[in-house]
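Shown next: upload-v7.cif, given as mmCIF, C-alpha atoms.
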```
data_coords
loop_
_atom_site.label_atom_id
_atom_site.label_comp_id
_atom_site.auth_asym_id
_atom_site.auth_seq_id
_atom_site.Cartn_x
_atom_site.Cartn_y
_atom_site.Cartn_z
CA MET A 26 -15.15 24.62 -7.48
CA LYS A 27 -14.21 22.66 -4.39
CA THR A 28 -11.34 20.24 -5.02
CA PRO A 29 -11.12 16.75 -3.53
CA PHE A 30 -8.22 18.01 -1.42
CA GLN A 31 -10.34 20.75 0.12
CA GLY A 32 -13.06 18.23 0.92
CA ARG A 33 -10.52 16.00 2.63
CA ARG A 34 -9.16 18.86 4.69
CA SER A 35 -12.71 19.76 5.75
CA ALA A 36 -13.28 16.17 6.88
CA LEU A 37 -10.04 16.28 8.84
CA VAL A 38 -10.99 19.58 10.49
CA SER A 39 -14.21 17.94 11.70
CA LYS A 40 -12.14 15.21 13.32
CA LEU A 41 -9.86 17.82 14.90
CA LYS A 42 -12.86 19.54 16.47
CA GLU A 43 -14.09 16.24 17.89
CA ALA A 44 -10.64 15.65 19.40
CA GLU A 45 -10.49 19.23 20.71
CA LEU A 46 -7.34 19.96 18.70
CA ASP A 47 -6.53 23.36 17.23
CA CYS A 48 -4.46 21.88 14.41
CA LEU A 49 -2.64 18.80 13.18
CA LEU A 50 0.98 18.58 12.10
CA VAL A 51 1.29 16.39 8.99
CA THR A 52 4.73 15.25 7.80
CA SER A 53 4.03 12.05 5.85
CA PRO A 54 4.47 12.67 2.09
CA ALA A 55 1.46 10.47 1.32
CA ASN A 56 -0.69 12.41 3.76
CA CYS A 57 0.55 15.75 2.41
CA TYR A 58 -0.48 14.67 -1.07
CA TYR A 59 -3.84 13.34 0.13
CA LEU A 60 -4.72 16.61 1.87
CA ALA A 61 -3.12 19.16 -0.43
CA GLY A 62 -1.96 17.61 -3.71
CA PHE A 63 1.65 18.49 -2.89
CA THR A 64 4.19 16.02 -4.28
CA GLY A 65 7.45 17.63 -3.15
CA GLU A 66 9.98 15.59 -1.26
CA SER A 67 10.06 17.84 1.79
CA GLY A 68 7.20 19.60 3.51
CA ALA A 69 5.18 19.92 6.69
CA LEU A 70 1.46 20.60 6.51
CA ILE A 71 -0.35 22.33 9.36
CA VAL A 72 -4.11 21.84 9.09
CA SER A 73 -6.50 23.85 11.27
CA GLN A 74 -10.06 25.15 11.20
CA TRP A 75 -8.62 28.57 10.34
CA GLY A 76 -6.77 27.34 7.25
CA THR A 77 -3.92 25.17 6.07
CA THR A 78 -0.23 26.07 5.78
CA LEU A 79 2.52 24.20 3.98
CA VAL A 80 6.07 24.78 5.17
CA THR A 81 8.68 23.79 2.60
CA ASP A 82 12.08 24.88 1.32
CA GLY A 83 13.07 26.92 -1.72
CA ARG A 84 13.34 23.88 -3.97
CA PHE A 85 9.59 23.31 -3.76
CA THR A 86 7.88 26.68 -3.24
CA ILE A 87 7.01 27.21 -6.92
CA GLN A 88 5.87 23.59 -7.20
CA ALA A 89 3.78 23.96 -4.04
CA ARG A 90 1.96 27.01 -5.37
CA GLU A 91 1.29 25.25 -8.68
CA GLU A 92 0.06 22.00 -7.11
CA THR A 93 -2.04 23.33 -4.24
CA SER A 94 -5.09 25.52 -3.89
CA GLY A 95 -6.40 27.39 -0.85
CA ILE A 96 -3.18 26.80 1.09
CA ARG A 97 -0.62 29.24 2.44
CA VAL A 98 2.94 28.34 1.43
CA VAL A 99 5.66 29.35 3.91
CA LEU A 100 9.35 29.25 3.04
CA GLN A 101 11.28 27.39 5.70
CA LYS A 102 14.32 28.92 7.37
CA GLY A 103 16.62 26.40 8.93
CA SER A 104 15.41 22.83 9.26
CA LEU A 105 11.89 21.84 8.26
CA ILE A 106 10.94 20.83 11.78
CA GLU A 107 12.36 24.01 13.30
CA SER A 108 10.53 26.14 10.74
CA ALA A 109 7.24 24.37 11.38
CA GLY A 110 7.70 24.94 15.09
CA LEU A 111 8.48 28.64 14.63
CA TYR A 112 5.40 29.02 12.44
CA LEU A 113 3.20 27.40 15.09
CA LYS A 114 4.73 29.66 17.74
CA GLY A 115 3.30 32.66 15.89
CA THR A 116 -0.23 31.30 15.69
CA SER A 117 -3.02 31.18 18.25
CA ALA A 118 -2.87 27.38 18.38
CA ARG A 119 -2.59 25.79 21.81
CA ARG A 120 -3.33 22.10 21.33
CA VAL A 121 -1.38 20.62 18.42
CA GLY A 122 -1.95 17.06 17.27
CA PHE A 123 0.86 14.91 15.89
CA ASP A 124 1.19 11.27 14.90
CA PRO A 125 3.82 9.63 17.15
CA ALA A 126 4.19 6.83 14.59
CA LEU A 127 5.40 9.34 11.99
CA LEU A 128 7.56 11.71 14.06
CA THR A 129 10.86 10.66 15.60
CA VAL A 130 11.76 11.44 19.18
CA ALA A 131 14.44 13.87 17.94
CA GLN A 132 11.96 15.62 15.63
CA LEU A 133 9.39 15.99 18.40
CA ARG A 134 12.04 17.39 20.73
CA GLY A 135 13.17 19.84 18.04
CA ILE A 136 9.71 21.13 17.15
CA LYS A 137 8.74 21.54 20.81
CA LYS A 138 11.85 23.62 21.39
CA ALA A 139 11.17 25.82 18.34
CA ALA A 140 7.46 26.25 19.15
CA GLY A 141 8.00 27.19 22.77
CA PRO A 142 6.33 26.07 26.01
CA ARG A 143 2.89 27.56 25.28
CA LEU A 144 1.85 24.72 22.95
CA ARG A 145 0.61 21.35 24.14
CA TRP A 146 1.50 18.40 21.90
CA ILE A 147 -1.25 15.80 21.77
CA PRO A 148 -0.71 12.32 20.22
CA ALA A 149 -3.23 11.87 17.41
CA THR A 150 -2.52 8.57 15.70
CA GLY A 151 -3.93 7.74 12.28
CA MET A 152 -6.29 10.70 11.81
CA VAL A 153 -5.43 11.12 8.13
CA GLU A 154 -4.96 7.41 7.54
CA GLY A 155 -8.50 6.82 8.80
CA LEU A 156 -9.81 9.08 6.05
CA ARG A 157 -7.53 7.52 3.44
CA MET A 158 -9.00 4.05 4.04
CA ARG A 159 -12.26 5.05 2.37
CA LYS A 160 -11.53 5.70 -1.30
CA ASP A 161 -13.88 7.93 -3.28
CA ALA A 162 -15.01 7.25 -6.84
CA SER A 163 -12.06 9.06 -8.42
CA GLU A 164 -9.56 7.17 -6.29
CA LEU A 165 -11.17 3.83 -7.12
CA ALA A 166 -11.08 4.68 -10.83
CA GLN A 167 -7.35 5.36 -10.58
CA MET A 168 -6.75 2.17 -8.65
CA ARG A 169 -8.58 0.14 -11.31
CA LYS A 170 -6.17 1.54 -13.90
CA ALA A 171 -3.17 0.74 -11.71
CA ALA A 172 -4.43 -2.81 -11.13
CA ILE A 173 -5.06 -3.43 -14.82
CA LEU A 174 -1.59 -2.13 -15.71
CA ALA A 175 0.01 -4.42 -13.12
CA GLY A 176 -1.89 -7.33 -14.62
CA GLU A 177 -0.58 -6.53 -18.08
CA VAL A 178 2.97 -6.46 -16.76
CA VAL A 179 2.70 -9.76 -14.91
CA GLN A 180 1.30 -11.46 -18.01
CA GLU A 181 4.22 -10.18 -20.08
CA ALA A 182 6.63 -11.39 -17.41
CA ILE A 183 5.10 -14.86 -17.54
CA GLY A 184 5.87 -14.88 -21.25
CA LEU A 185 9.59 -14.44 -20.48
CA LEU A 186 9.82 -17.58 -18.38
CA GLU A 187 11.97 -20.27 -19.98
CA PRO A 188 14.83 -22.37 -18.64
CA GLY A 189 18.07 -20.41 -18.44
CA ILE A 190 16.65 -16.95 -17.77
CA ARG A 191 17.83 -15.33 -14.51
CA GLU A 192 15.66 -13.83 -11.82
CA PHE A 193 17.15 -10.37 -12.15
CA GLU A 194 16.58 -10.39 -15.92
CA VAL A 195 12.86 -10.94 -15.33
CA GLY A 196 12.85 -8.34 -12.56
CA ALA A 197 14.56 -5.76 -14.77
CA GLU A 198 12.11 -6.34 -17.61
CA ILE A 199 9.17 -6.03 -15.22
CA GLU A 200 10.37 -2.66 -13.94
CA TYR A 201 11.10 -1.46 -17.48
CA GLN A 202 7.59 -2.40 -18.61
CA ILE A 203 6.07 -0.69 -15.58
CA ARG A 204 7.57 2.62 -16.68
CA LYS A 205 7.08 2.02 -20.38
CA LYS A 206 3.35 1.55 -19.81
CA GLY A 207 3.07 4.89 -18.04
CA ALA A 208 3.43 4.19 -14.33
CA SER A 209 5.76 6.44 -12.35
CA LYS A 210 7.57 3.56 -10.68
CA PRO A 211 7.12 0.15 -9.03
CA ALA A 212 5.06 0.22 -5.85
CA PHE A 213 7.77 -1.85 -4.12
CA GLU A 214 10.87 -3.83 -5.01
CA THR A 215 9.72 -6.49 -7.46
CA ILE A 216 9.77 -10.08 -6.20
CA VAL A 217 10.97 -12.77 -8.60
CA ALA A 218 11.71 -16.18 -7.09
CA PHE A 219 12.56 -19.42 -8.88
CA GLY A 220 12.50 -22.95 -7.49
CA THR A 221 13.28 -23.39 -3.81
CA ARG A 222 13.73 -19.60 -3.47
CA ALA A 223 9.97 -19.29 -3.97
CA ALA A 224 9.70 -20.44 -0.35
CA LEU A 225 10.92 -16.95 0.63
CA PRO A 226 7.80 -14.74 0.70
CA HIS A 227 9.84 -11.57 0.05
CA ALA A 228 12.58 -12.99 -2.17
CA ARG A 229 14.44 -10.39 -4.22
CA PRO A 230 15.79 -11.17 -7.70
CA THR A 231 19.20 -12.83 -7.87
CA ALA A 232 21.36 -14.37 -10.60
CA LYS A 233 19.64 -17.74 -10.16
CA GLN A 234 18.72 -19.32 -13.47
CA LEU A 235 15.35 -20.90 -14.06
CA ARG A 236 15.33 -24.65 -14.51
CA LYS A 237 12.72 -27.09 -15.71
CA ASN A 238 10.23 -28.35 -13.12
CA GLU A 239 10.45 -25.30 -10.86
CA LEU A 240 7.90 -22.99 -9.28
CA VAL A 241 8.08 -19.28 -10.09
CA VAL A 242 6.55 -16.56 -7.91
CA LEU A 243 6.12 -13.10 -9.46
CA ASP A 244 4.95 -10.33 -7.13
CA LEU A 245 4.85 -6.79 -8.49
CA GLY A 246 3.00 -3.51 -8.17
CA VAL A 247 2.85 -0.15 -9.89
CA ILE A 248 2.24 3.44 -8.88
CA LEU A 249 -0.02 5.08 -11.42
CA GLY A 250 -1.44 8.54 -10.78
CA HIS A 251 -0.10 8.29 -7.19
CA TYR A 252 -2.06 5.10 -6.39
CA CYS A 253 -0.63 1.61 -5.90
CA SER A 254 -1.52 -1.84 -7.14
CA ASP A 255 -0.15 -5.22 -6.03
CA ILE A 256 -0.46 -8.60 -7.75
CA THR A 257 1.13 -12.03 -7.40
CA ARG A 258 0.99 -15.01 -9.69
CA THR A 259 2.66 -18.41 -9.37
CA VAL A 260 3.70 -20.41 -12.42
CA PHE A 261 5.15 -23.90 -12.82
CA VAL A 262 7.77 -24.45 -15.52
CA GLY A 263 7.17 -28.00 -16.62
CA ARG A 264 4.53 -30.49 -15.51
CA ALA A 265 3.50 -29.93 -11.90
CA SER A 266 3.44 -32.85 -9.49
CA SER A 267 0.23 -33.92 -7.79
CA ARG A 268 1.43 -32.30 -4.56
CA ILE A 269 2.03 -28.95 -6.25
CA ARG A 270 -1.35 -29.16 -7.98
CA THR A 271 -3.07 -29.90 -4.67
CA TRP A 272 -1.30 -27.03 -2.91
CA TYR A 273 -2.14 -24.65 -5.72
CA ARG A 274 -5.80 -25.68 -5.61
CA ALA A 275 -5.79 -25.13 -1.85
CA VAL A 276 -4.32 -21.63 -2.12
CA LEU A 277 -6.76 -20.71 -4.88
CA GLU A 278 -9.71 -21.96 -2.83
CA ALA A 279 -8.39 -20.09 0.21
CA GLN A 280 -8.14 -16.89 -1.78
CA SER A 281 -11.64 -17.34 -3.20
CA ALA A 282 -13.03 -17.92 0.30
CA ALA A 283 -11.36 -14.79 1.63
CA ILE A 284 -12.58 -12.70 -1.30
CA ALA A 285 -16.13 -13.98 -0.71
CA ALA A 286 -15.81 -13.02 2.99
CA ALA A 287 -14.49 -9.51 2.23
CA ARG A 288 -17.84 -7.75 2.30
CA ASN A 289 -18.93 -4.40 3.64
CA GLY A 290 -19.16 -4.79 7.42
CA ALA A 291 -17.04 -7.94 7.60
CA ILE A 292 -14.45 -8.16 10.39
CA CYS A 293 -10.92 -8.21 8.96
CA GLY A 294 -9.91 -11.09 11.21
CA ASP A 295 -12.81 -13.15 9.85
CA VAL A 296 -11.61 -12.59 6.28
CA ASP A 297 -8.19 -13.88 7.31
CA ALA A 298 -9.82 -16.85 9.06
CA ALA A 299 -11.76 -17.77 5.91
CA ALA A 300 -8.48 -18.34 4.07
CA ARG A 301 -6.91 -20.25 6.94
CA GLN A 302 -9.93 -22.53 7.32
CA VAL A 303 -9.52 -23.75 3.74
CA LEU A 304 -5.80 -24.40 4.19
CA THR A 305 -6.53 -26.21 7.46
CA GLY A 306 -8.84 -28.52 5.53
CA TYR A 307 -5.89 -29.40 3.31
CA HIS A 308 -3.64 -29.84 6.40
CA ILE A 309 -1.20 -27.17 5.20
CA GLU A 310 -2.23 -24.18 7.31
CA ARG A 311 1.19 -24.36 9.02
CA LEU A 312 2.78 -23.40 5.67
CA PHE A 313 0.88 -20.09 5.60
CA VAL A 314 3.31 -17.76 7.39
CA HIS A 315 1.92 -14.26 6.83
CA SER A 316 -1.36 -12.37 6.96
CA THR A 317 -4.04 -12.70 4.29
CA GLY A 318 -3.82 -9.11 3.10
CA HIS A 319 -3.42 -5.41 3.70
CA GLY A 320 -4.90 -2.09 2.73
CA LEU A 321 -3.81 -0.46 -0.49
CA GLY A 322 -3.91 3.13 -1.73
CA LEU A 323 -1.37 5.95 -1.85
CA GLU A 324 0.96 3.50 -0.12
CA VAL A 325 1.32 -0.18 -0.84
CA HIS A 326 0.79 -1.09 2.81
CA GLU A 327 -1.84 0.85 4.71
CA ASP A 328 -4.93 0.23 6.83
CA PRO A 329 -6.94 -1.90 7.17
CA ARG A 330 -4.89 -5.01 7.96
CA VAL A 331 -6.44 -8.33 7.02
CA ALA A 332 -4.83 -10.50 9.66
CA ARG A 333 -5.48 -12.72 12.66
CA GLY A 334 -7.20 -10.95 15.50
CA GLN A 335 -7.98 -7.74 13.61
CA LYS A 336 -11.30 -6.36 14.85
CA LYS A 337 -11.71 -3.53 12.34
CA ARG A 338 -14.69 -3.91 10.02
CA LEU A 339 -14.39 -3.41 6.29
CA GLU A 340 -16.23 -0.40 4.89
CA ALA A 341 -17.33 0.67 1.44
CA GLY A 342 -14.36 2.34 -0.19
CA ASN A 343 -11.72 0.07 1.33
CA VAL A 344 -9.25 -1.51 -1.08
CA ILE A 345 -7.35 -4.53 0.21
CA THR A 346 -5.13 -7.28 -1.11
CA ILE A 347 -6.09 -10.92 -0.67
CA GLU A 348 -2.91 -12.99 -0.89
CA PRO A 349 -2.79 -16.34 0.89
CA GLY A 350 0.24 -18.50 0.24
CA VAL A 351 2.08 -21.63 1.32
CA TYR A 352 5.85 -22.00 1.61
CA ALA A 353 7.93 -25.14 2.08
CA GLU A 354 11.70 -25.05 2.51
CA GLY A 355 13.46 -27.07 -0.16
CA ILE A 356 10.35 -27.14 -2.39
CA GLY A 357 9.19 -23.58 -3.05
CA GLY A 358 6.13 -21.45 -2.53
CA ILE A 359 2.73 -20.66 -4.00
CA ARG A 360 1.00 -17.31 -3.59
CA ILE A 361 -1.96 -15.80 -5.44
CA GLU A 362 -2.74 -12.13 -4.85
CA ASP A 363 -5.38 -9.77 -6.15
CA ASP A 364 -6.59 -6.27 -5.28
CA VAL A 365 -10.17 -6.12 -4.00
CA ALA A 366 -12.43 -3.07 -3.61
CA VAL A 367 -15.24 -3.22 -1.07
CA HIS A 368 -18.49 -1.54 -2.14
CA ALA A 369 -21.68 -1.08 -0.14
CA ASP A 370 -23.39 -3.99 -1.89
CA ARG A 371 -20.64 -5.99 -3.59
CA THR A 372 -16.96 -6.79 -3.85
CA GLU A 373 -14.93 -5.90 -6.94
CA ILE A 374 -11.70 -7.62 -7.99
CA LEU A 375 -9.59 -4.87 -9.56
CA THR A 376 -6.79 -7.07 -10.91
CA ARG A 377 -7.94 -8.92 -14.01
CA VAL A 378 -5.55 -11.80 -14.64
CA PRO A 379 -6.60 -15.48 -14.72
CA ARG A 380 -5.82 -17.29 -11.48
CA ASP A 381 -5.71 -20.89 -12.68
CA LEU A 382 -2.39 -22.76 -12.50
CA ILE A 383 -0.19 -22.00 -15.50
CA GLU A 384 2.25 -24.68 -16.64
CA ILE A 385 4.84 -23.67 -19.20
#
```
Encoding of this model in structure tokens:
Amino acid sequence: MKTPFQGRRSALVSKLKEAELDCLLVTSPANCYYLAGFTGESGALIVSQWGTTLVTDGRFTIQAREETSGIRVVLQKGSLIESAGLYLKGTSARRVGFDPALLTVAQLRGIKKAAGPRLRWIPATGMVEGLRMRKDASELAQMRKAAILAGEVVQEAIGLLEPGIREFEVGAEIEYQIRKKGASKPAFETIVAFGTRAALPHARPTAKQLRKNELVVLDLGVILGHYCSDITRTVFVGRASSRIRTWYRAVLEAQSAAIAAARNGAICGDVDAAARQVLTGYHIERLFVHSTGHGLGLEVHEDPRVARGQKKRLEAGNVITIEPGVYAEGIGGIRIEDDVAVHADRTEILTRVPRDLIEI
């Protein structure tokens, strides 16, 4: 039976033929997993129309044979890059694709030296990432589970919020619950921000204690079955002022507008603009300091980008975050984030946590 990994490699080989490449050098761990199912920490995959080879060291050869199917496993001698180059030197390949965004200058110099002058090295940016953008049914099923788990964790974290608790206590409990519920690890360093620190979009937990009448931003994600989720909720501890209520309503309306715009065929920049238009109507667009969202999958940040000026169109199978926010120094911040799957005829919100303002 053909595995999903074999189907993905076949799709990649078709792209290689179109680009007139004999093979593609793959070094990204996420891409190696996507194409082969290999989860080792060190490996180089060489994909060609004549077959696929994984070069790895002795720590991972048994694992590689257990995890992969239809792939030749080659034991590296010396450095990984040198070994991959020596392997290519012994093949009939002439035109080798590589992703310049994923290979350092030193690595490229080293593999060229090992492979010899016969090979031509052709930049081939994003060939695997382009395939990864379109999730199949099994990937979407896994991402639903990851999104639901993240929602459960954020709801439990909200239950911890009371004056006196410290940011890092909440952060530690979040990461404990992530693992306790079966995820392999957080998708990124958990964000917990109280009070004025909520104005920092990527605030990391500190010893700051929560006080009454403060905003709280909780941003977390999980990796479950290799796939990521990402969710943010904002809570007010106490009775929110009219300004905070208005800002929260604006962010929620902005998120809803962007979700409604995130349809199959929509231009990513237009989805971003839908959120900004709402915030402009509230005269707080200047407080929105980042993009509206990003692609999600094997990595927590991948294509497509949902940002100003992005011309890429959404396609069925894309999973993106929608996360507008506003941030005011000395006051705090408000962000609401959900994971959204684009289908041919509809949009699905994968994260299933209420979005209304919570006052504790």
Distance in Å - atom CA of A:Thr78 versus atom CA of A:Arg134: 21.2 Å
Where does the PyMOL selection byres ((chain A and resi 226-234) around 10) land in this file, that is, which residues does it pick, as a PDB file with C-alpha atoms, in the coordinates of the input?
```pdb
ATOM      1  CA  GLU A 187      11.970 -20.270 -19.980  1.00  0.00           C
ATOM      2  CA  PRO A 188      14.830 -22.370 -18.640  1.00  0.00           C
ATOM      3  CA  GLY A 189      18.070 -20.410 -18.440  1.00  0.00           C
ATOM      4  CA  ILE A 190      16.650 -16.950 -17.770  1.00  0.00           C
ATOM      5  CA  ARG A 191      17.830 -15.330 -14.510  1.00  0.00           C
ATOM      6  CA  GLU A 192      15.660 -13.830 -11.820  1.00  0.00           C
ATOM      7  CA  PHE A 193      17.150 -10.370 -12.150  1.00  0.00           C
ATOM      8  CA  GLU A 194      16.580 -10.390 -15.920  1.00  0.00           C
ATOM      9  CA  VAL A 195      12.860 -10.940 -15.330  1.00  0.00           C
ATOM     10  CA  GLY A 196      12.850  -8.340 -12.560  1.00  0.00           C
ATOM     11  CA  ALA A 197      14.560  -5.760 -14.770  1.00  0.00           C
ATOM     12  CA  GLU A 214      10.870  -3.830  -5.010  1.00  0.00           C
ATOM     13  CA  THR A 215       9.720  -6.490  -7.460  1.00  0.00           C
ATOM     14  CA  ILE A 216       9.770 -10.080  -6.200  1.00  0.00           C
ATOM     15  CA  VAL A 217      10.970 -12.770  -8.600  1.00  0.00           C
ATOM     16  CA  ALA A 218      11.710 -16.180  -7.090  1.00  0.00           C
ATOM     17  CA  PHE A 219      12.560 -19.420  -8.880  1.00  0.00           C
ATOM     18  CA  GLY A 220      12.500 -22.950  -7.490  1.00  0.00           C
ATOM     19  CA  ARG A 222      13.730 -19.600  -3.470  1.00  0.00           C
ATOM     20  CA  ALA A 223       9.970 -19.290  -3.970  1.00  0.00           C
ATOM     21  CA  ALA A 224       9.700 -20.440  -0.350  1.00  0.00           C
ATOM     22  CA  LEU A 225      10.920 -16.950   0.630  1.00  0.00           C
ATOM     23  CA  LEU A 235      15.350 -20.900 -14.060  1.00  0.00           C
ATOM     24  CA  ARG A 236      15.330 -24.650 -14.510  1.00  0.00           C
ATOM     25  CA  VAL A 242       6.550 -16.560  -7.910  1.00  0.00           C
ATOM     26  CA  LEU A 243       6.120 -13.100  -9.460  1.00  0.00           C
ATOM     27  CA  ASP A 244       4.950 -10.330  -7.130  1.00  0.00           C
ATOM     28  CA  VAL A 314       3.310 -17.760   7.390  1.00  0.00           C
ATOM     29  CA  HIS A 315       1.920 -14.260   6.830  1.00  0.00           C
ATOM     30  CA  GLY A 350       0.240 -18.500   0.240  1.00  0.00           C
ATOM     31  CA  VAL A 351       2.080 -21.630   1.320  1.00  0.00           C
ATOM     32  CA  TYR A 352       5.850 -22.000   1.610  1.00  0.00           C
ATOM     33  CA  GLY A 357       9.190 -23.580  -3.050  1.00  0.00           C
ATOM     34  CA  GLY A 358       6.130 -21.450  -2.530  1.00  0.00           C
ATOM     35  CA  ILE A 359       2.730 -20.660  -4.000  1.00  0.00           C
ATOM     36  CA  ARG A 360       1.000 -17.310  -3.590  1.00  0.00           C
TER      37      ARG A 360
END
```
Once the PyMOL selection byres ((chain A and resi 42-44) around 12) has been evaluated on this model, what residues remain selected, and can you format them as a CSV table (one decimal) with C-alpha atoms, in the coordinates of the input?
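As a result, part.csv now contains:
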```
chain,number,residue,atom,x,y,z
A,35,SER,CA,-12.7,19.8,5.8
A,36,ALA,CA,-13.3,16.2,6.9
A,37,LEU,CA,-10.0,16.3,8.8
A,38,VAL,CA,-11.0,19.6,10.5
A,39,SER,CA,-14.2,17.9,11.7
A,40,LYS,CA,-12.1,15.2,13.3
A,41,LEU,CA,-9.9,17.8,14.9
A,45,GLU,CA,-10.5,19.2,20.7
A,46,LEU,CA,-7.3,20.0,18.7
A,47,ASP,CA,-6.5,23.4,17.2
A,48,CYS,CA,-4.5,21.9,14.4
A,49,LEU,CA,-2.6,18.8,13.2
A,72,VAL,CA,-4.1,21.8,9.1
A,73,SER,CA,-6.5,23.8,11.3
A,74,GLN,CA,-10.1,25.2,11.2
A,75,TRP,CA,-8.6,28.6,10.3
A,120,ARG,CA,-3.3,22.1,21.3
A,121,VAL,CA,-1.4,20.6,18.4
A,122,GLY,CA,-2.0,17.1,17.3
A,147,ILE,CA,-1.2,15.8,21.8
A,148,PRO,CA,-0.7,12.3,20.2
A,149,ALA,CA,-3.2,11.9,17.4
A,150,THR,CA,-2.5,8.6,15.7
A,152,MET,CA,-6.3,10.7,11.8
```
Interatomic distance (Å, one decimal) between atom CA of A:Ala300 and atom CA of A:Asp328: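 Calculated distance between atom CA of A:Ala300 and atom CA of A:Asp328 is 19.1 Å.
A straight line drawn from atom CA of A:Tyr273 to atom CA of A:Ala366 is 24.0 Å long.
Shortest atom-to-atom contact with A:Val51 among A:Asp363, A:Asp124, A:Ala279, A:Arg90: A:Asp124, counting all atoms listed in the file.
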A:Ala109 surroundings by all atoms listed in the file, 7 Å radius, close-in-sequence under 4 positions cut, as an MDAnalysis selection string: chainID A and resid 69 80 105 113
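Candidate residues A:Ala283, A:Leu321, A:Leu382, A:Cys293 were compared for distance to A:Ile347, and the nearest is A:Ala283, using all atoms listed in the file.
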Picked residues, the PyMOL selection byres ((chain A and resi 385) around 9), as a list of chain:residue names: A:Ile183, A:Leu186, A:Glu187, A:Val260, A:Phe261, A:Val262, A:Gly263, A:Arg264, A:Ile383, A:Glu384
A:Leu50 surroundings by all atoms listed in the file, 6 Å radius, close-in-sequence under 4 positions cut, as a list in words: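 Here the qualifying residues turn out to be Leu70, Ile71 and Phe123 of chain A.
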Residue nearest A:Lys336 - candidates A:Ile374, A:Lys138, A:Asp297, A:Leu60, atoms counted: all atoms listed in the file: A:Asp297
Test item: residues at most 10 Å from A:Gln335, all atoms listed in the file, excluding those fewer than 5 positions along its chain, as an MDAnalysis selection string: chainID A and resid 292:297 329:330
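Comparing A:Arg338, A:His251, A:Lys137, A:Arg268 by their smallest distance to A:Tyr58, the closest is A:His251 (using only C-alpha atoms).
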In the coordinate frame of the file, compute which residues have an atom within 6 Å of (-15.7, -3.5, 2.4) when using only C-alpha atoms, and state them as an mmCIF file with C-alpha atoms, in the coordinates of the input.
```cif
data_model
loop_
_atom_site.group_PDB
_atom_site.id
_atom_site.type_symbol
_atom_site.label_atom_id
_atom_site.label_comp_id
_atom_site.auth_asym_id
_atom_site.auth_seq_id
_atom_site.Cartn_x
_atom_site.Cartn_y
_atom_site.Cartn_z
ATOM 1 C CA ARG A 288 -17.840 -7.750 2.300
ATOM 2 C CA ASN A 289 -18.930 -4.400 3.640
ATOM 3 C CA LEU A 339 -14.390 -3.410 6.290
ATOM 4 C CA GLU A 340 -16.230 -0.400 4.890
ATOM 5 C CA ALA A 341 -17.330 0.670 1.440
ATOM 6 C CA ASN A 343 -11.720 0.070 1.330
ATOM 7 C CA VAL A 367 -15.240 -3.220 -1.070
ATOM 8 C CA HIS A 368 -18.490 -1.540 -2.140
#
```
Residues within 10 Å of (-2.0, 21.4, -3.1), file coords, only C-alpha atoms, listed as a list in words: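 Looking at atoms near the point gives Thr28, Phe30, Gln31, Cys57, Tyr58, Tyr59, Leu60, Ala61, Gly62, Phe63, Thr64, Leu79, Gln88, Ala89, Arg90, Glu91, Glu92, Thr93, Ser94, Gly95, Ile96, Arg97 and Val98 of chain A.
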Top pick for closest residue to A:Arg311, considering A:Ala353, A:Ile203, A:Ile345, A:Val325 and counting all atoms listed in the file: A:Ala353
